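Notes for the one structure printed next.
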Amino acid sequence: MLDTITSRPAVLIPLLASLPVLLMSCDDSEYRAMPVYNQAYQQNYEADQIPGILDNARNAYVLIDPFDGNNAASVDAIKQQGNEVGAYISIGTGETYRDDFSAMRPFLVSEPWDAWSDEYFVNRTDEKLLNIMKTRIDKIADWGFDWVEFDNMDWFYDDKEREVHDFQVTRAEGINYYRTLCDHVHSKNMKCMAKNTVEGATNFDGVTYESYPDERNWWDQTGAQDFLDAGKLVIINHYNEENCAKAYRQYKEIYSGNLSFICEDAKAEKYVHFNQ
């Protein structure tokens with residue numbers, strides 16, 4: 001939670017009120033800590049919903065699933081509140097409930113992911129798979145999104161899953177795959193949000209890390225701090241926490257810079273939003 005200024009000259013109030021929007025609309029600006037809303041995914045409880053986002057999200061990073069129902073129709077209204085809107089896509093798995101799953105199937109492993117039975121890991125990153133993902137990105141751009149968030153972009157780093165599924169994709173091919181997709185996002189005048197890793201992701205504009213009470217700060221801390229030092233947007237999405245405020249304080253003690261934080265509150269059984 002950011003400290004607030006308790007006394008301001010009246011003449012400055014209109015300028016200060018508009019400043020966050022101005023800061024976040026500039027491509028070369030440094031990101032300050034900002035609220036985060038997440039309709040796209042959660043671990044234990046209900047994710048943020050579009051009506052609540054429209055009522056409450058201001059000058060925030062708002063992540064929604066663009067291919068879920070009619071969510072994309074709300075992008076303009078969400079942006080009118082000074083928010084930047086991210087589109088969720090999984091680039092490391094094929095999801096059985098997506099319209100393009102049958103097209104992706106030749107590039108996926110044969111058995112589903114144990115943790116998510118309706119998802120199959122990407123096995124190889126052929127040009128045809130890149131084109132499927134680029135088609136998604138083109139639609140997202142047409143709908144007016146500001147960001148694309150790349151879920152499961154780190155799948156090929158997982159030695160356990162590699163052993164189980166015998167991935168054909170190499171480490172170098174995986175990195176080239178998500179760098180190439182990020183370049184395509186940039187060609188559409190949008191930004192790229194990495195997920196859980198920044199290895200080889202210097203062309204990305206931000207990163208989201210998923211955190212747990214028994215697995216905090218498990219990622220490469222130096223990489224996260226480098227993104228913060230570069231003025232990029234760094235988000236921690238923390239799950240199933242009894243004391244969200246304490247968890248946020250602990251992360252602020254670890255990182256210098258403008259860290260953004262959203263927390264799945266185990267008591268409230270919903271996301272709570274910091275940096276308001």
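Naming works like this for the structure tokens: A, B, ... for the chains as they're shown, residue 1 at the start of each chain, ligands 1 onward in shown order.
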
**OP:** Extract, using only C-alpha atoms, all DNA, RNA and protein residues at most 12 Å from range 216-226 of chain A, discarding same-chain residues fewer than 6 positions from it, and format them as JSON, numbers by chain.
**Re:** {"A": [154, 194, 195, 196, 197, 198, 199, 200, 201, 202, 205, 206, 207, 208, 209, 210, 232, 233, 234, 235, 236, 237, 238, 239, 241, 247, 248, 250, 251, 252, 253, 254, 255, 256, 257, 258, 259, 260]}

Determine which residues of range 166-225 of chain A DSSP labels as alpha helix (DSSP H) from the backbone of this structure, then write them out as an mmCIF file with all heavy atoms, in the first residue's frame.
```cif
data_model
loop_
_atom_site.group_PDB
_atom_site.id
_atom_site.type_symbol
_atom_site.label_atom_id
_atom_site.label_comp_id
_atom_site.auth_asym_id
_atom_site.auth_seq_id
_atom_site.Cartn_x
_atom_site.Cartn_y
_atom_site.Cartn_z
ATOM 1 N N ARG A 171 16.150 -26.342 -24.614
ATOM 2 C CA ARG A 171 16.137 -25.088 -23.861
ATOM 3 C C ARG A 171 16.283 -23.894 -24.803
ATOM 4 O O ARG A 171 15.544 -22.910 -24.705
ATOM 5 C CB ARG A 171 17.284 -25.120 -22.842
ATOM 6 C CG ARG A 171 17.351 -23.944 -21.894
ATOM 7 C CD ARG A 171 18.664 -24.001 -21.119
ATOM 8 N NE ARG A 171 18.699 -23.068 -20.019
ATOM 9 C CZ ARG A 171 18.473 -23.378 -18.762
ATOM 10 N NH1 ARG A 171 18.169 -24.616 -18.418
ATOM 11 N NH2 ARG A 171 18.544 -22.448 -17.813
ATOM 12 N N ALA A 172 17.213 -23.988 -25.741
ATOM 13 C CA ALA A 172 17.431 -22.887 -26.679
ATOM 14 C C ALA A 172 16.199 -22.640 -27.541
ATOM 15 O O ALA A 172 15.827 -21.491 -27.815
ATOM 16 C CB ALA A 172 18.644 -23.181 -27.556
ATOM 17 N N GLU A 173 15.556 -23.728 -27.979
ATOM 18 C CA GLU A 173 14.346 -23.586 -28.801
ATOM 19 C C GLU A 173 13.213 -22.957 -28.001
ATOM 20 O O GLU A 173 12.448 -22.136 -28.538
ATOM 21 C CB GLU A 173 13.918 -24.952 -29.322
ATOM 22 C CG GLU A 173 14.844 -25.509 -30.393
ATOM 23 C CD GLU A 173 14.566 -26.966 -30.715
ATOM 24 O OE1 GLU A 173 13.892 -27.644 -29.896
ATOM 25 O OE2 GLU A 173 15.023 -27.430 -31.779
ATOM 26 N N GLY A 174 13.080 -23.331 -26.720
ATOM 27 C CA GLY A 174 12.031 -22.758 -25.889
ATOM 28 C C GLY A 174 12.212 -21.260 -25.699
ATOM 29 O O GLY A 174 11.256 -20.483 -25.792
ATOM 30 N N ILE A 175 13.450 -20.850 -25.430
ATOM 31 C CA ILE A 175 13.728 -19.425 -25.255
ATOM 32 C C ILE A 175 13.461 -18.668 -26.548
ATOM 33 O O ILE A 175 12.843 -17.595 -26.553
ATOM 34 C CB ILE A 175 15.167 -19.211 -24.776
ATOM 35 C CG1 ILE A 175 15.341 -19.753 -23.350
ATOM 36 C CG2 ILE A 175 15.550 -17.727 -24.830
ATOM 37 C CD1 ILE A 175 16.776 -19.745 -22.845
ATOM 38 N N ASN A 176 13.909 -19.216 -27.660
ATOM 39 C CA ASN A 176 13.672 -18.561 -28.950
ATOM 40 C C ASN A 176 12.186 -18.448 -29.243
ATOM 41 O O ASN A 176 11.726 -17.439 -29.805
ATOM 42 C CB ASN A 176 14.360 -19.340 -30.063
ATOM 43 C CG ASN A 176 14.206 -18.678 -31.416
ATOM 44 O OD1 ASN A 176 14.709 -17.584 -31.663
ATOM 45 N ND2 ASN A 176 13.496 -19.340 -32.317
ATOM 46 N N TYR A 177 11.427 -19.460 -28.841
ATOM 47 C CA TYR A 177 9.970 -19.480 -29.038
ATOM 48 C C TYR A 177 9.314 -18.308 -28.326
ATOM 49 O O TYR A 177 8.559 -17.536 -28.935
ATOM 50 C CB TYR A 177 9.456 -20.820 -28.523
ATOM 51 C CG TYR A 177 7.967 -21.020 -28.422
ATOM 52 C CD1 TYR A 177 7.152 -21.041 -29.548
ATOM 53 C CD2 TYR A 177 7.368 -21.256 -27.180
ATOM 54 C CE1 TYR A 177 5.789 -21.280 -29.435
ATOM 55 C CE2 TYR A 177 6.015 -21.505 -27.057
ATOM 56 C CZ TYR A 177 5.223 -21.512 -28.191
ATOM 57 O OH TYR A 177 3.882 -21.752 -28.084
ATOM 58 N N TYR A 178 9.606 -18.125 -27.025
ATOM 59 C CA TYR A 178 8.904 -17.029 -26.349
ATOM 60 C C TYR A 178 9.475 -15.664 -26.695
ATOM 61 O O TYR A 178 8.755 -14.662 -26.672
ATOM 62 C CB TYR A 178 8.751 -17.252 -24.847
ATOM 63 C CG TYR A 178 9.933 -17.434 -23.939
ATOM 64 C CD1 TYR A 178 10.886 -16.438 -23.743
ATOM 65 C CD2 TYR A 178 10.043 -18.587 -23.163
ATOM 66 C CE1 TYR A 178 11.924 -16.591 -22.833
ATOM 67 C CE2 TYR A 178 11.075 -18.765 -22.253
ATOM 68 C CZ TYR A 178 12.015 -17.762 -22.093
ATOM 69 O OH TYR A 178 13.038 -17.914 -21.176
ATOM 70 N N ARG A 179 10.739 -15.586 -27.078
ATOM 71 C CA ARG A 179 11.275 -14.306 -27.545
ATOM 72 C C ARG A 179 10.636 -13.911 -28.878
ATOM 73 O O ARG A 179 10.307 -12.730 -29.098
ATOM 74 C CB ARG A 179 12.789 -14.374 -27.673
ATOM 75 C CG ARG A 179 13.536 -14.397 -26.348
ATOM 76 C CD ARG A 179 15.050 -14.402 -26.570
ATOM 77 N NE ARG A 179 15.482 -13.218 -27.280
ATOM 78 C CZ ARG A 179 15.782 -12.054 -26.694
ATOM 79 N NH1 ARG A 179 15.692 -11.928 -25.378
ATOM 80 N NH2 ARG A 179 16.177 -11.021 -27.415
ATOM 81 N N THR A 180 10.467 -14.879 -29.749
ATOM 82 C CA THR A 180 9.855 -14.607 -31.053
ATOM 83 C C THR A 180 8.412 -14.147 -30.883
ATOM 84 O O THR A 180 7.963 -13.197 -31.554
ATOM 85 C CB THR A 180 9.907 -15.862 -31.936
ATOM 86 O OG1 THR A 180 11.275 -16.243 -32.143
ATOM 87 C CG2 THR A 180 9.241 -15.623 -33.286
ATOM 88 N N LEU A 181 7.675 -14.797 -29.978
ATOM 89 C CA LEU A 181 6.295 -14.385 -29.741
ATOM 90 C C LEU A 181 6.224 -12.992 -29.125
ATOM 91 O O LEU A 181 5.326 -12.211 -29.453
ATOM 92 C CB LEU A 181 5.591 -15.414 -28.847
ATOM 93 C CG LEU A 181 5.289 -16.752 -29.514
ATOM 94 C CD1 LEU A 181 4.666 -17.724 -28.514
ATOM 95 C CD2 LEU A 181 4.365 -16.577 -30.718
ATOM 96 N N CYS A 182 7.161 -12.679 -28.238
ATOM 97 C CA CYS A 182 7.182 -11.330 -27.667
ATOM 98 C C CYS A 182 7.469 -10.290 -28.744
ATOM 99 O O CYS A 182 6.859 -9.211 -28.755
ATOM 100 C CB CYS A 182 8.213 -11.253 -26.547
ATOM 101 S SG CYS A 182 8.268 -9.637 -25.719
ATOM 102 N N ASP A 183 8.374 -10.598 -29.662
ATOM 103 C CA ASP A 183 8.630 -9.669 -30.773
ATOM 104 C C ASP A 183 7.360 -9.438 -31.581
ATOM 105 O O ASP A 183 7.093 -8.308 -32.038
ATOM 106 C CB ASP A 183 9.731 -10.221 -31.675
ATOM 107 C CG ASP A 183 11.118 -10.138 -31.061
ATOM 108 O OD1 ASP A 183 11.307 -9.357 -30.107
ATOM 109 O OD2 ASP A 183 12.021 -10.861 -31.543
ATOM 110 N N HIS A 184 6.565 -10.483 -31.756
ATOM 111 C CA HIS A 184 5.317 -10.322 -32.502
ATOM 112 C C HIS A 184 4.336 -9.444 -31.723
ATOM 113 O O HIS A 184 3.640 -8.608 -32.320
ATOM 114 C CB HIS A 184 4.693 -11.682 -32.797
ATOM 115 C CG HIS A 184 3.524 -11.603 -33.719
ATOM 116 N ND1 HIS A 184 3.638 -11.273 -35.053
ATOM 117 C CD2 HIS A 184 2.182 -11.792 -33.500
ATOM 118 C CE1 HIS A 184 2.441 -11.265 -35.613
ATOM 119 N NE2 HIS A 184 1.535 -11.573 -34.697
ATOM 120 N N VAL A 185 4.283 -9.624 -30.410
ATOM 121 C CA VAL A 185 3.448 -8.754 -29.569
ATOM 122 C C VAL A 185 3.859 -7.300 -29.749
ATOM 123 O O VAL A 185 3.017 -6.409 -29.922
ATOM 124 C CB VAL A 185 3.559 -9.176 -28.088
ATOM 125 C CG1 VAL A 185 2.954 -8.121 -27.173
ATOM 126 C CG2 VAL A 185 2.867 -10.519 -27.859
ATOM 127 N N HIS A 186 5.164 -7.038 -29.724
ATOM 128 C CA HIS A 186 5.656 -5.665 -29.904
ATOM 129 C C HIS A 186 5.295 -5.120 -31.283
ATOM 130 O O HIS A 186 5.010 -3.926 -31.425
ATOM 131 C CB HIS A 186 7.171 -5.633 -29.713
ATOM 132 C CG HIS A 186 7.602 -5.778 -28.292
ATOM 133 N ND1 HIS A 186 8.847 -6.234 -27.923
ATOM 134 C CD2 HIS A 186 6.948 -5.528 -27.123
ATOM 135 C CE1 HIS A 186 8.944 -6.259 -26.606
ATOM 136 N NE2 HIS A 186 7.804 -5.834 -26.105
ATOM 137 N N SER A 187 5.300 -5.975 -32.291
ATOM 138 C CA SER A 187 4.947 -5.521 -33.639
ATOM 139 C C SER A 187 3.492 -5.070 -33.713
ATOM 140 O O SER A 187 3.115 -4.331 -34.629
ATOM 141 C CB SER A 187 5.202 -6.626 -34.665
ATOM 142 O OG SER A 187 4.197 -7.639 -34.621
ATOM 143 N N GLN A 221 15.976 -14.349 -7.825
ATOM 144 C CA GLN A 221 15.771 -13.024 -7.232
ATOM 145 C C GLN A 221 16.500 -11.937 -8.019
ATOM 146 O O GLN A 221 15.993 -10.828 -8.190
ATOM 147 C CB GLN A 221 16.244 -13.034 -5.777
ATOM 148 C CG GLN A 221 16.035 -11.717 -5.053
ATOM 149 C CD GLN A 221 16.395 -11.810 -3.577
ATOM 150 O OE1 GLN A 221 16.164 -12.838 -2.938
ATOM 151 N NE2 GLN A 221 16.966 -10.751 -3.029
ATOM 152 N N THR A 222 17.691 -12.262 -8.498
ATOM 153 C CA THR A 222 18.468 -11.274 -9.251
ATOM 154 C C THR A 222 17.727 -10.856 -10.514
ATOM 155 O O THR A 222 17.698 -9.664 -10.865
ATOM 156 C CB THR A 222 19.848 -11.843 -9.619
ATOM 157 O OG1 THR A 222 20.551 -12.187 -8.429
ATOM 158 C CG2 THR A 222 20.664 -10.824 -10.413
ATOM 159 N N GLY A 223 17.112 -11.814 -11.191
ATOM 160 C CA GLY A 223 16.374 -11.493 -12.404
ATOM 161 C C GLY A 223 15.197 -10.575 -12.128
ATOM 162 O O GLY A 223 14.938 -9.627 -12.877
ATOM 163 N N ALA A 224 14.475 -10.846 -11.041
ATOM 164 C CA ALA A 224 13.350 -9.993 -10.665
ATOM 165 C C ALA A 224 13.826 -8.583 -10.334
ATOM 166 O O ALA A 224 13.219 -7.591 -10.756
ATOM 167 C CB ALA A 224 12.604 -10.601 -9.478
ATOM 168 N N GLN A 225 14.910 -8.483 -9.574
ATOM 169 C CA GLN A 225 15.421 -7.177 -9.202
ATOM 170 C C GLN A 225 15.940 -6.416 -10.427
ATOM 171 O O GLN A 225 15.779 -5.200 -10.525
ATOM 172 C CB GLN A 225 16.538 -7.310 -8.165
ATOM 173 C CG GLN A 225 17.015 -5.975 -7.595
ATOM 174 C CD GLN A 225 15.915 -5.216 -6.877
ATOM 175 O OE1 GLN A 225 15.342 -5.715 -5.910
ATOM 176 N NE2 GLN A 225 15.604 -4.019 -7.350
#
```

As a short mmCIF file (atom, residue, chain, number, x, y, z; two decimals) with C-alpha atoms, in the first residue's frame, please: all residues of range 81-143 of chain A that backbone DSSP puts in strand (DSSP E or B).
```cif
data_model
loop_
_atom_site.label_atom_id
_atom_site.label_comp_id
_atom_site.auth_asym_id
_atom_site.auth_seq_id
_atom_site.Cartn_x
_atom_site.Cartn_y
_atom_site.Cartn_z
CA GLU A 84 -3.78 -1.29 -18.64
CA VAL A 85 -5.38 -4.54 -19.75
CA GLY A 86 -3.45 -7.77 -20.16
CA ALA A 87 -4.59 -10.82 -22.12
CA TYR A 88 -3.85 -14.26 -20.72
CA ILE A 89 -2.60 -16.99 -23.04
CA SER A 90 -0.81 -20.25 -22.27
CA THR A 93 0.39 -25.93 -23.03
CA GLY A 94 -2.55 -26.71 -25.23
CA GLU A 95 -5.88 -26.43 -23.43
CA LEU A 108 1.71 -31.46 -27.91
CA GLU A 119 -3.82 -29.29 -20.53
CA TYR A 120 -1.04 -30.90 -22.57
CA PHE A 121 2.51 -29.58 -22.65
CA VAL A 122 4.02 -28.31 -25.87
#
```

Original post:
Contacts of Gln49 in chain A at 12 Å or less, counting only C-alpha atoms, minus same-chain residues fewer than 4 places along, as a ChimeraX atom specification?
Top reply: /A:37-42,45,53-57,62-65,68,71,74,78,270-271

Original post:
So how many Å separate CA of Gly231 in chain A and CA of Glu149 in chain A, to one decimal?
Top reply: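 The value is 17.8 Å.
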
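For the choices A:Ile140, A:Ala33, A:Met133, A:Met153, the atom-to-atom distance to Ala73 in chain A is smallest for A:Ile140 when using only C-alpha atoms.
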